[in-house]
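**Q** Provided herewith: my_file.txt, compact mmCIF, C-alpha atoms and all ligand atoms.
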# COMPACT_ATOMS: atom_id res chain seq x y z
CA MET S 1 16.55 -12.37 27.82
CA SER S 2 15.16 -15.60 26.41
CA LEU S 3 14.46 -15.16 22.68
CA GLU S 4 12.34 -17.32 20.42
CA ARG S 5 14.40 -16.55 17.35
CA LEU S 6 17.61 -14.77 16.44
CA ILE S 7 18.50 -13.65 12.90
CA ARG S 8 22.30 -13.54 12.68
CA HIS S 9 25.01 -12.04 10.48
CA ALA S 10 22.58 -9.73 8.71
CA ARG S 11 23.33 -6.39 7.11
CA VAL S 12 20.46 -4.85 9.08
CA VAL S 13 18.84 -1.87 7.34
CA THR S 14 16.89 -0.50 10.31
CA CYS S 15 15.32 2.53 8.55
CA ALA S 16 15.60 4.04 12.03
CA GLY S 17 18.85 5.97 11.66
CA PRO S 18 19.33 9.56 12.83
CA GLY S 19 19.12 12.94 11.13
CA PRO S 20 17.64 14.28 7.92
CA LEU S 21 19.95 12.62 5.38
CA ALA S 22 18.48 9.57 3.67
CA ARG S 23 21.76 7.66 3.70
CA ALA S 24 22.09 8.00 7.49
CA ARG S 25 18.40 7.34 8.02
CA LEU S 26 18.84 3.86 6.55
CA GLY S 27 20.61 3.14 9.85
CA ILE S 28 22.66 0.19 8.61
CA ILE S 29 24.26 -2.23 11.10
CA ASP S 30 26.90 -4.14 9.18
CA ASP S 31 27.19 -7.49 10.94
CA GLY S 32 23.93 -7.31 12.85
CA ALA S 33 21.49 -9.54 14.68
CA ILE S 34 17.75 -9.26 15.37
CA GLY S 35 16.07 -11.00 18.30
CA ILE S 36 12.38 -11.93 18.19
CA LEU S 37 10.00 -12.62 21.05
CA GLY S 38 6.20 -12.80 21.04
CA GLY S 39 5.92 -11.59 17.44
CA ARG S 40 7.88 -8.41 18.18
CA ILE S 41 11.47 -7.30 17.79
CA ALA S 42 13.03 -7.71 21.23
CA TRP S 43 16.67 -6.96 20.43
CA VAL S 44 18.69 -5.41 17.60
CA GLY S 45 22.40 -4.64 17.45
CA PRO S 46 25.83 -5.92 16.39
CA ASP S 47 26.05 -9.70 16.13
CA HIS S 48 28.96 -9.89 18.57
CA ASP S 49 26.79 -8.32 21.30
CA ARG S 50 23.80 -10.60 20.66
CA PRO S 51 21.89 -12.38 23.44
CA ARG S 52 23.09 -15.99 23.65
CA ASP S 53 19.95 -17.82 24.63
CA ALA S 54 17.74 -17.93 21.51
CA ALA S 55 15.68 -21.09 20.97
CA GLU S 56 16.36 -20.90 17.23
CA GLU S 57 18.97 -19.14 15.09
CA CYS S 58 18.90 -18.23 11.41
CA ASP S 59 22.22 -17.21 9.80
CA VAL S 60 21.61 -15.03 6.71
CA ARG S 61 25.34 -14.71 5.87
CA GLY S 62 25.73 -11.02 5.15
CA ARG S 63 22.50 -10.51 3.24
CA ILE S 64 20.40 -7.40 3.87
CA VAL S 65 17.47 -7.62 6.27
CA LEU S 66 14.97 -4.76 6.22
CA PRO S 67 11.64 -4.05 7.85
CA GLY S 68 8.96 -5.83 5.83
CA LEU S 69 7.90 -3.41 3.11
CA VAL S 70 4.78 -1.31 3.66
CA ASP S 71 2.47 -0.65 0.71
CA PRO S 72 0.54 2.49 1.68
CA HIS S 73 -2.06 2.53 -1.13
CA THR S 74 -3.87 -0.41 -2.72
CA HIS S 75 -7.30 -1.32 -4.02
CA LEU S 76 -6.51 -5.00 -3.45
CA VAL S 77 -10.03 -6.46 -3.23
CA PHE S 78 -12.00 -6.47 -6.48
CA GLY S 79 -13.68 -8.76 -8.98
CA GLY S 80 -13.28 -9.03 -12.73
CA SER S 81 -10.65 -7.80 -15.15
CA ARG S 82 -10.15 -4.61 -17.18
CA VAL S 83 -7.70 -5.94 -19.74
CA ASP S 84 -9.89 -4.69 -22.59
CA GLU S 85 -9.89 -1.20 -21.11
CA LEU S 86 -6.11 -1.04 -21.08
CA ALA S 87 -6.11 -1.73 -24.80
CA ARG S 88 -8.51 1.19 -25.26
CA LYS S 89 -6.31 3.46 -23.14
CA MET S 90 -3.21 2.47 -25.09
CA ALA S 91 -5.08 3.22 -28.31
CA GLY S 92 -5.54 6.77 -27.06
CA GLU S 93 -8.89 6.83 -25.24
CA ASP S 94 -8.93 8.98 -22.12
CA TYR S 95 -9.35 7.32 -18.68
CA ARG S 96 -12.03 9.79 -17.67
CA ALA S 97 -13.88 9.40 -21.00
CA ILE S 98 -13.89 5.60 -20.53
CA ALA S 99 -15.23 6.12 -17.01
CA ALA S 100 -17.92 8.54 -18.21
CA SER S 101 -19.16 5.91 -20.68
CA GLY S 102 -19.79 3.32 -17.95
CA GLY S 103 -16.33 1.73 -17.96
CA GLY S 104 -13.60 2.38 -15.43
CA ILE S 105 -14.48 2.11 -11.75
CA ALA S 106 -18.14 1.36 -12.56
CA SER S 107 -17.21 -1.77 -14.52
CA THR S 108 -15.19 -3.11 -11.58
CA VAL S 109 -18.10 -2.26 -9.27
CA ARG S 110 -20.39 -4.49 -11.36
CA ALA S 111 -17.90 -7.37 -11.33
CA THR S 112 -17.16 -6.95 -7.62
CA ARG S 113 -20.80 -6.95 -6.58
CA ALA S 114 -21.34 -10.10 -8.68
CA ALA S 115 -18.36 -11.95 -7.18
CA SER S 116 -18.83 -14.51 -4.42
CA GLU S 117 -17.08 -14.15 -1.07
CA ALA S 118 -14.86 -17.08 -2.00
CA GLN S 119 -13.82 -15.50 -5.28
CA LEU S 120 -13.13 -12.11 -3.72
CA PHE S 121 -11.08 -13.62 -0.94
CA ALA S 122 -9.13 -16.02 -3.15
CA SER S 123 -8.11 -13.35 -5.65
CA ALA S 124 -7.23 -10.83 -2.91
CA ARG S 125 -5.19 -13.51 -1.15
CA ALA S 126 -3.36 -14.41 -4.35
CA ARG S 127 -2.43 -10.74 -4.86
CA ALA S 128 -1.39 -10.35 -1.23
CA LEU S 129 0.81 -13.43 -1.52
CA ALA S 130 2.40 -12.04 -4.67
CA MET S 131 3.11 -8.83 -2.73
CA ARG S 132 4.60 -10.84 0.09
CA SER S 133 6.93 -12.67 -2.27
CA CYS S 134 8.38 -9.23 -3.16
CA GLY S 135 8.90 -8.51 0.55
CA THR S 136 5.73 -6.57 1.41
CA THR S 137 4.27 -7.45 4.82
CA THR S 138 1.90 -4.53 5.53
CA VAL S 139 -0.71 -3.66 2.93
CA GLU S 140 -3.16 -0.79 3.05
CA VAL S 141 -6.40 -2.05 1.49
CA LYS S 142 -9.19 0.24 0.34
CA SER S 143 -12.80 -0.62 -0.30
CA GLY S 144 -14.39 1.44 -3.08
CA TYR S 145 -15.72 -1.14 -5.54
CA GLY S 146 -18.89 -1.90 -3.58
CA LEU S 147 -20.44 1.60 -3.38
CA ARG S 148 -23.29 0.49 -1.13
CA LEU S 149 -23.15 -0.23 2.55
CA GLU S 150 -23.17 -4.03 2.58
CA ASP S 151 -20.71 -4.32 -0.31
CA GLU S 152 -18.25 -1.75 1.07
CA LEU S 153 -18.24 -3.62 4.41
CA ARG S 154 -17.84 -6.93 2.57
CA LEU S 155 -14.65 -5.65 0.93
CA LEU S 156 -13.23 -4.46 4.26
CA GLU S 157 -14.14 -7.80 5.86
CA THR S 158 -12.34 -9.61 3.04
CA ALA S 159 -9.26 -7.51 3.77
CA ARG S 160 -9.52 -8.31 7.47
CA ARG S 161 -9.55 -12.03 6.64
CA LEU S 162 -6.09 -11.56 5.12
CA ASP S 163 -4.94 -10.58 8.61
CA ASP S 164 -6.91 -13.27 10.40
CA THR S 165 -5.45 -15.98 8.17
CA GLY S 166 -1.86 -14.74 8.54
CA ILE S 167 -1.34 -13.70 4.92
CA VAL S 168 -0.26 -10.07 5.50
CA ASN S 169 -0.78 -7.30 8.03
CA THR S 170 -3.45 -4.93 6.69
CA ARG S 171 -4.44 -1.31 7.34
CA ARG S 172 -7.95 -0.89 5.99
CA THR S 173 -9.45 2.22 4.44
CA LEU S 174 -13.06 3.00 3.62
CA LEU S 175 -13.31 4.47 0.11
CA GLY S 176 -17.08 4.70 -0.25
CA ALA S 177 -16.47 8.04 -1.97
CA HIS S 178 -14.63 6.47 -4.91
CA ALA S 179 -17.45 7.10 -7.39
CA ILE S 180 -21.20 7.67 -7.43
CA PRO S 181 -22.80 4.24 -7.89
CA PRO S 182 -24.61 3.91 -11.23
CA GLU S 183 -28.03 3.44 -9.59
CA LEU S 184 -27.65 6.81 -7.80
CA ARG S 185 -26.23 8.81 -10.69
CA ASP S 186 -28.98 11.40 -10.27
CA ASP S 187 -28.76 11.54 -6.49
CA ARG S 188 -25.24 12.59 -5.47
CA ALA S 189 -26.53 14.10 -2.24
CA GLY S 190 -28.33 10.89 -1.35
CA TYR S 191 -25.19 8.82 -1.91
CA LEU S 192 -23.01 11.21 0.08
CA ALA S 193 -25.51 10.98 2.93
CA GLU S 194 -25.15 7.18 2.79
CA VAL S 195 -21.36 7.46 2.92
CA THR S 196 -21.28 9.93 5.82
CA GLY S 197 -24.34 8.67 7.71
CA ALA S 198 -24.10 4.90 7.24
CA MET S 199 -20.77 3.67 5.83
CA VAL S 200 -18.44 5.78 7.95
CA PRO S 201 -20.19 5.01 11.28
CA ALA S 202 -20.55 1.30 10.45
CA ALA S 203 -16.96 0.81 9.31
CA ALA S 204 -15.64 2.70 12.33
CA ALA S 205 -17.89 0.96 14.88
CA ALA S 206 -16.99 -2.50 13.60
CA GLY S 207 -13.28 -1.70 13.68
CA LEU S 208 -13.19 -2.59 9.98
CA ALA S 209 -11.45 0.59 8.82
CA HIS S 210 -8.54 2.59 10.24
CA ALA S 211 -8.96 5.45 7.79
CA CYS S 212 -11.20 7.01 5.18
CA ASP S 213 -10.26 8.08 1.66
CA VAL S 214 -12.01 10.16 -1.01
CA TYR S 215 -11.33 10.37 -4.73
CA LEU S 216 -11.14 14.14 -5.04
CA ASP S 217 -10.76 15.18 -8.66
CA GLU S 218 -12.50 16.36 -11.79
CA GLY S 219 -15.04 13.70 -12.75
CA ALA S 220 -15.04 12.35 -9.19
CA PHE S 221 -15.84 14.22 -5.93
CA SER S 222 -15.61 17.97 -5.37
CA LEU S 223 -13.69 19.73 -2.61
CA GLU S 224 -16.88 20.40 -0.65
CA GLU S 225 -18.07 16.80 -1.01
CA ALA S 226 -14.67 15.52 0.09
CA ARG S 227 -14.72 17.83 3.09
CA ARG S 228 -18.09 16.44 4.23
CA VAL S 229 -16.88 12.85 3.98
CA LEU S 230 -13.54 13.45 5.70
CA VAL S 231 -15.03 15.57 8.49
CA ALA S 232 -17.52 12.77 9.21
CA ALA S 233 -14.68 10.23 9.16
CA ARG S 234 -12.60 12.26 11.57
CA ALA S 235 -15.57 12.62 13.93
CA HIS S 236 -15.74 8.81 14.04
CA GLY S 237 -12.04 8.52 14.87
CA LEU S 238 -10.82 7.46 11.44
CA GLY S 239 -7.61 8.76 9.88
CA VAL S 240 -8.21 10.83 6.75
CA LYS S 241 -6.53 10.81 3.37
CA ALA S 242 -7.46 11.44 -0.25
CA HIS S 243 -6.63 10.76 -3.88
CA ILE S 244 -5.72 14.32 -4.90
CA GLY S 245 -4.45 16.04 -7.99
CA GLN S 246 -4.35 12.95 -10.18
CA PHE S 247 -5.71 15.10 -13.00
CA ALA S 248 -6.66 18.51 -11.58
CA ASP S 249 -5.72 20.49 -8.48
CA LEU S 250 -8.99 21.13 -6.65
CA GLY S 251 -7.43 22.22 -3.35
CA GLY S 252 -7.26 18.78 -1.77
CA ALA S 253 -3.77 19.32 -0.36
CA GLN S 254 -4.94 22.33 1.64
CA LEU S 255 -8.01 20.40 2.82
CA LEU S 256 -5.88 17.51 4.07
CA ALA S 257 -3.54 19.95 5.79
CA GLU S 258 -6.48 21.63 7.50
CA LEU S 259 -7.92 18.30 8.67
CA GLY S 260 -4.60 16.84 9.86
CA GLY S 261 -4.64 14.15 7.17
CA LEU S 262 -2.30 11.18 7.00
CA SER S 263 -1.46 11.42 3.30
CA GLY S 264 -2.32 12.97 -0.04
CA ASP S 265 -1.92 10.43 -2.84
CA HIS S 266 -1.13 10.74 -6.60
CA LEU S 267 -0.26 14.52 -6.70
CA GLU S 268 0.60 14.77 -10.41
CA ALA S 269 -1.24 18.12 -10.61
CA VAL S 270 -0.76 19.61 -7.12
CA SER S 271 0.63 23.17 -6.87
CA ASP S 272 3.59 24.33 -4.78
CA GLU S 273 1.15 26.06 -2.49
CA GLY S 274 -0.64 22.77 -1.84
CA LEU S 275 2.63 20.94 -1.27
CA ARG S 276 3.75 23.64 1.16
CA ALA S 277 0.53 23.24 3.13
CA MET S 278 1.08 19.48 3.26
CA ALA S 279 4.67 19.93 4.45
CA GLN S 280 3.64 22.31 7.23
CA ALA S 281 0.89 20.01 8.48
CA GLY S 282 2.99 16.83 8.21
CA VAL S 283 0.72 15.29 5.55
CA ARG S 284 2.76 12.76 3.60
CA ALA S 285 2.88 12.48 -0.18
CA VAL S 286 2.20 9.02 -1.57
CA LEU S 287 3.56 8.60 -5.09
CA LEU S 288 1.94 5.98 -7.34
CA PRO S 289 4.19 5.23 -10.32
CA GLY S 290 2.02 2.34 -11.59
CA ALA S 291 -0.81 4.81 -12.22
CA TRP S 292 1.22 7.54 -13.94
CA THR S 293 2.87 4.88 -16.11
CA THR S 294 -0.44 3.29 -17.12
CA LEU S 295 -2.11 6.65 -17.73
CA ARG S 296 1.01 7.97 -19.52
CA GLN S 297 1.07 11.05 -17.31
CA ALA S 298 3.96 13.31 -16.45
CA PRO S 299 5.11 12.15 -12.99
CA PRO S 300 5.15 14.45 -9.98
CA ASP S 301 8.54 15.98 -9.19
CA ALA S 302 10.05 14.52 -6.02
CA ARG S 303 12.84 17.11 -6.05
CA ARG S 304 10.28 19.87 -5.80
CA MET S 305 8.57 18.02 -2.95
CA ARG S 306 11.86 17.54 -1.16
CA ALA S 307 12.71 21.23 -1.54
CA LEU S 308 9.33 22.18 -0.07
CA GLY S 309 9.81 19.80 2.87
CA VAL S 310 7.22 17.13 1.99
CA SER S 311 7.92 13.58 3.19
CA ILE S 312 7.44 11.00 0.46
CA ALA S 313 6.13 7.45 0.45
CA VAL S 314 5.56 5.17 -2.55
CA GLY S 315 2.74 2.67 -3.12
CA THR S 316 1.60 0.26 -5.81
CA ASP S 317 -1.98 1.58 -6.12
CA CYS S 318 -2.70 -2.07 -7.03
CA ASN S 319 -6.02 -1.91 -8.90
CA PRO S 320 -7.49 -3.34 -12.11
CA GLY S 321 -7.79 -0.02 -13.93
CA THR S 322 -4.83 2.28 -13.51
CA SER S 323 -2.18 0.16 -11.84
CA PRO S 324 -2.36 -3.60 -12.23
CA THR S 325 0.73 -4.47 -10.23
CA THR S 326 1.59 -6.07 -6.89
CA ASP S 327 5.30 -5.22 -7.16
CA LEU S 328 6.26 -2.51 -4.66
CA PRO S 329 10.02 -2.65 -5.41
CA LEU S 330 9.14 -2.03 -9.08
CA CYS S 331 7.22 1.07 -8.00
CA ALA S 332 10.22 2.22 -5.93
CA ALA S 333 12.40 1.76 -9.01
CA LEU S 334 10.00 3.81 -11.15
CA ALA S 335 9.77 6.57 -8.54
CA VAL S 336 13.57 6.91 -8.76
CA ARG S 337 13.70 6.89 -12.54
CA ASP S 338 10.61 9.01 -13.26
CA ALA S 339 10.09 11.29 -10.26
CA GLY S 340 13.65 11.83 -9.05
CA LEU S 341 13.67 10.14 -5.65
CA THR S 342 17.17 9.08 -4.65
CA MET S 343 17.65 5.34 -4.26
CA GLU S 344 18.02 5.73 -0.48
CA GLU S 345 14.85 7.83 -0.32
CA ALA S 346 13.06 5.11 -2.26
CA VAL S 347 14.00 2.53 0.40
CA LEU S 348 12.64 4.83 3.13
CA ALA S 349 9.54 5.54 1.00
CA VAL S 350 8.43 1.88 1.09
CA THR S 351 9.29 1.33 4.76
CA VAL S 352 9.30 4.01 7.44
CA GLU S 353 7.67 6.77 5.38
CA ALA S 354 4.95 4.42 4.12
CA ALA S 355 4.25 3.36 7.71
CA ARG S 356 3.93 7.00 8.75
CA ALA S 357 1.64 7.67 5.80
CA LEU S 358 -0.63 4.98 7.25
CA GLY S 359 -0.36 6.16 10.84
CA ALA S 360 0.91 2.64 11.64
CA PRO S 361 3.35 3.12 14.51
CA ASP S 362 4.67 -0.45 14.83
CA VAL S 363 5.86 -1.29 11.31
CA GLY S 364 8.39 0.07 8.83
CA GLN S 365 11.48 0.04 11.06
CA VAL S 366 13.73 -2.56 12.64
CA ALA S 367 13.62 -1.41 16.26
CA VAL S 368 12.73 -2.86 19.63
CA GLY S 369 8.96 -3.06 20.13
CA MET S 370 8.09 -3.10 16.42
CA ARG S 371 6.23 -6.03 14.86
CA ALA S 372 8.75 -8.65 13.77
CA ASP S 373 7.82 -8.24 10.10
CA LEU S 374 11.10 -8.55 8.24
CA VAL S 375 12.43 -9.25 4.78
CA CYS S 376 15.77 -10.62 3.60
CA TYR S 377 17.00 -10.25 0.01
CA ASP S 378 19.88 -11.97 -1.78
CA HIS S 379 21.98 -8.81 -1.82
CA ASP S 380 24.20 -6.73 0.44
CA ASP S 381 23.00 -3.28 -0.67
CA PRO S 382 19.50 -2.00 0.20
CA ARG S 383 19.44 0.14 -2.94
CA VAL S 384 18.74 -3.11 -4.82
CA LEU S 385 15.12 -2.34 -3.97
CA ALA S 386 15.10 0.52 -6.45
CA TYR S 387 17.57 -1.04 -8.87
CA ALA S 388 15.70 -3.98 -10.37
CA VAL S 389 12.94 -2.87 -12.73
CA GLY S 390 10.49 -5.44 -11.45
CA GLY S 391 10.85 -9.04 -10.38
CA LEU S 392 12.89 -8.61 -7.19
CA ARG S 393 11.96 -11.48 -4.89
CA ALA S 394 12.51 -11.89 -1.17
CA ARG S 395 14.75 -14.67 0.05
CA PHE S 396 12.98 -14.88 3.41
CA VAL S 397 9.97 -13.11 4.91
CA TRP S 398 9.02 -13.13 8.58
CA LEU S 399 5.50 -12.10 9.56
CA ALA S 400 4.99 -11.41 13.27
CA GLY S 401 8.19 -13.33 13.90
CA HIS S 402 7.33 -16.43 11.87
CA ARG S 403 8.94 -17.38 8.58
CA VAL S 404 6.29 -17.57 5.87
CA PRO S 405 6.45 -19.05 2.37
CA THR S 406 7.23 -16.80 -0.58
CA ALA S 407 7.78 -19.16 -3.51
CA ASP S 408 5.27 -19.27 -6.37
CA SER S 409 4.60 -22.98 -5.79
CA ASP S 410 3.62 -22.25 -2.18
CA ILE S 411 1.40 -19.44 -3.37
CA ALA S 412 -0.48 -21.73 -5.76
CA HIS S 413 -0.86 -24.20 -2.90
CA ALA S 414 -2.12 -21.57 -0.47
CA VAL S 415 -4.86 -20.41 -2.83
CA GLY S 416 -6.63 -23.74 -2.40
CA SER S 417 -8.30 -26.02 -4.91
CA GLU S 418 -11.88 -24.77 -4.46
CA THR S 419 -11.07 -21.46 -6.09
CA LEU S 420 -8.10 -22.42 -8.21
CA GLU S 421 -10.37 -22.82 -11.20
CA ASP S 422 -11.52 -19.20 -10.93
CA LEU S 423 -7.97 -18.00 -10.56
CA ASN S 424 -6.78 -20.07 -13.47
CA ARG S 425 -9.37 -18.34 -15.55
CA HIS S 426 -8.27 -14.84 -14.57
CA GLY S 427 -4.95 -15.15 -12.71
CA LEU S 428 -4.38 -12.11 -10.55
CA TRP S 429 -5.83 -9.75 -13.14
O1 LIG S 501 -5.96 5.25 -7.60
N1 LIG S 501 -8.30 7.27 -9.50
C1 LIG S 501 -8.99 6.70 -8.70
N2 LIG S 501 -8.83 5.47 -8.20
C2 LIG S 501 -7.90 4.50 -8.66
C3 LIG S 501 -8.28 3.87 -9.93
C4 LIG S 501 -9.49 3.05 -9.78
C5 LIG S 501 -9.92 2.35 -11.03
O2 LIG S 501 -9.71 2.82 -12.17
O3 LIG S 501 -10.54 1.28 -10.85
C6 LIG S 501 -6.49 5.08 -8.69
O4 LIG S 501 -5.90 5.34 -9.73
FE FE S 502 -5.80 4.65 -5.79
Just give me the structure of the file as structure tokens.
**A**
Amino acid sequence: MSLERLIRHARVVTCAGPGPLARARLGIIDDGAIGILGGRIAWVGPDHDRPRDAAEECDVRGRIVLPGLVDPHTHLVFGGSRVDELARKMAGEDYRAIAASGGGIASTVRATRAASEAQLFASARARALAMRSCGTTTVEVKSGYGLRLEDELRLLETARRLDDTGIVNTRRTLLGAHAIPPELRDDRAGYLAEVTGAMVPAAAAAGLAHACDVYLDEGAFSLEEARRVLVAARAHGLGVKAHIGQFADLGGAQLLAELGGLSGDHLEAVSDEGLRAMAQAGVRAVLLPGAWTTLRQAPPDARRMRALGVSIAVGTDCNPGTSPTTDLPLCAALAVRDAGLTMEEAVLAVTVEAARALGAPDVGQVAVGMRADLVCYDHDDPRVLAYAVGGLRARFVWLAGHRVPTADSDIAHAVGSETLEDLNRHGLW
């Protein structure tokens, strides 16, 4: 076998180990090697058994190498900032009350519609690069701040450009049903018809979205409305998922179970019955610690989920309102501290389980045939991912087999001078 690249002397954390126990599932190979060919993993095993004919070798000297992290829930593409709103929330105002008074999602919709393509792309790219410097290589990206056909597609196209320009691997999700746009406040049915009859078919036909999401909650969309959107999405071949139980349990878990959904996300308020339905149907739970921290909510209980047989992934929920963070290891650390995930489960939750929550079969594990998206950290224990409370940085990242820059200076460079002025004004947030 003639390899393009061989990573040597790695503590390989395959996330492809056997059995139900998290420790074994990490599948660690102590002195391991990983061979890369054509952007895929072509060989993995003990270093002493490695193929000898690689064009290039990289010796990582005992450091851990994991599958590139997978962030299964982000609202990465948006315009504007909501820093003022956070101050209001911290002073005691309720998220839903702020939203009802024209703030919240609606304020980001105004800023996003007003943003130029260049601004949207530059800020999304800067956030994606910040994610990559933490070790994230696959990012789920939702639309949801356009709320009309051309703007929702524009957000998904911006996300696709992140792929096309080699920044990160994306899995894109249509979230037209994030809120009713202000101009259609008195015509819910009309807007839902636009989502099901125009957005879903267009996003699916153009290959812009892999899945469809709905914000199913009090003050957002009802169970029946969510059902209409997700049934339409499924009919167009999209995966289905939903924001459920962030505030109230409206039966979303059972709906996702019935429709064969990929994941139910948030889950602070979901009942045991709902969790049981998810477990039986193989719908994954996606925990979003950035949101429960920002909204000062009681976190969901991972022990209860584990006992009921629900598989758990963790995401950043990167968005300007409830979770302004790009740091997936930080979210893993919070899921351990707040929700009771074990440290090993947290590693699986941002790799293999996150990939399954996205229905992405070729990421999240170090195994032959997978994309060669890999991350190396300056540590010999994978639990470091859930140990540092923020700020963990990758030593090396490989995207489709190629080493890519992760340092802040490279990130500033990659953003480009034409939009640097805009970013300097707002930074990532
Ligand atoms: O996942 N709750 C709904 N959607 C986002 C927040 C969006 C926003 O506030 O802009 C969430 O928390
Ligand atoms: Fe979200």
**Q** Can you work out the spacing between CA of Thr14 in chain S and CA of Ala291 in chain S in Å, to one decimal?
**A**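 The value is 29.1 Å.
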**Q** May I ask for the distance between CA of Asp380 in chain S and CA of Ala10 in chain S, given in Å to one decimal place?
**A** 8.9 Å
**Q** Find the spatial neighbours of Leu86 in chain S, counting only C-alpha atoms, within a cut-off of 12 Å - ignore same-chain residues fewer than 6 positions away - and output them as a list in words.
**A**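 The contact residues come out as Gly92, Glu93, Asp94, Tyr95, Ile98, Gly103, Gly104, Ala291, Thr293, Thr294, Leu295, Arg296, Pro320, Gly321, Thr322, Ser323, Pro324 and Trp429 of chain S.
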**Q** Please define a box with edges along x, y and z of the file around all atoms of range 155-165 of chain S given in the file, extend it by 4 Å on each side, and return its centre and edge lengths in Å to one decimal, as JSON.
**A**
{"center_x": -9.8, "center_y": -10.2, "center_z": 5.7, "size_x": 17.7, "size_y": 19.5, "size_z": 17.5}
**Q** My list of candidates is S:Arg303, S:Arg160, S:His266, S:Arg228. Which is closest to ligand FE 502 (chain S) when distances are computed with only C-alpha atoms and all ligand atoms?
**A**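 Smallest separation from ligand FE 502 (chain S) among the options: S:His266.
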**Q** Chain S near ligand FE 502 (chain S) within 7 Å: what's each residue's closest atom pair and its distance in Å to one decimal, counting all atoms listed in the file, ordered by chain then ascending residue number, as a Markdown table?
**A**
| residue | atom | partner | partner_atom | distance |
| --- | --- | --- | --- | --- |
| S:His73 | CA | S:FE502 | FE | 6.3 |
| S:Thr74 | CA | S:FE502 | FE | 6.2 |
| S:His75 | CA | S:FE502 | FE | 6.4 |
| S:His243 | CA | S:FE502 | FE | 6.5 |
| S:Asp317 | CA | S:FE502 | FE | 4.9 |
**Q** Could you dump the residues just selected with C-alpha atoms as a PDB file, in the frame of the given file?
**A**
ATOM      1  CA  HIS S  73      -2.060   2.530  -1.130  1.00  0.00           C
ATOM      2  CA  THR S  74      -3.870  -0.410  -2.720  1.00  0.00           C
ATOM      3  CA  HIS S  75      -7.300  -1.320  -4.020  1.00  0.00           C
ATOM      4  CA  HIS S 243      -6.630  10.760  -3.880  1.00  0.00           C
ATOM      5  CA  ASP S 317      -1.980   1.580  -6.120  1.00  0.00           C
TER       6      ASP S 317
END
**Q** Measure the distance from CA of Cys58 in chain S to CA of Ala355 in chain S in Å and round it to one decimal.
**A**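 Between CA of Cys58 in chain S and CA of Ala355 in chain S the gap is 26.4 Å.
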**Q** Between S:Thr342, S:Ser81, S:Asn169, S:Ser2, which one has atoms that come closest to Pro51 in chain S, using all atoms listed in the file?
**A**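 Closest to Pro51 in chain S, using all atoms listed in the file: S:Ser2.
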**Q** Kindly indicate which residue among S:Gln297, S:Thr325, S:Thr173, S:Ser107 lies nearest to Gly80 in chain S, using only C-alpha atoms for the distances.
**A** S:Ser107
**Q** For ligand LIG 501 (chain S), which residue out of S:Ala332, S:Ala232, S:Ile244, S:Ala42 is the nearest one, using only C-alpha atoms and all ligand atoms?
**A** S:Ile244
**Q** Go through S:His9, S:Gly19, S:Glu194, S:Val363 one by one, measure the shortest atom-to-atom distance of each to Asp47 in chain S using all atoms listed in the file, and give the residue with the smallest value.
**A**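 Counting all atoms listed in the file, the residue closest to Asp47 in chain S is S:His9.
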**Q** Which residue out of S:Ala279, S:Ala313, S:Ala298, S:Ala177 has the minimum interatomic distance to ligand LIG 501 (chain S) when only C-alpha atoms and all ligand atoms are used?
**A**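 Under the stated criterion, the closest residue is S:Ala177.
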**Q** Excluding same-chain residues fewer than 2 positions from range 142-154 of chain S, what lies within 8 Å of it counting only C-alpha atoms, as a VMD selection string?
**A** chain S and resid 73 to 78 105 to 106 108 to 109 112 to 113 140 156 to 158 172 to 181 194 to 195 198 to 199 203 208
**Q** Taking 6 positions as the minimum chain separation for residues in the same chain, which residues sit within 10 Å of Gly391 in chain S when counting only C-alpha atoms? Answer as a list in words.
**A**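 In the requested form, the answer reads Ser133, Cys134, Asp327, Leu328, Pro329 and Leu330 of chain S.
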**Q** Excluding Phe396 in chain S and its own-chain neighbours fewer than 3 positions away, which residues fall within 10 Å of it when counting all atoms listed in the file? Please give them as a PyMOL selection string.
**A** chain S and resi 60+65+132-135+374-378+393+403-407
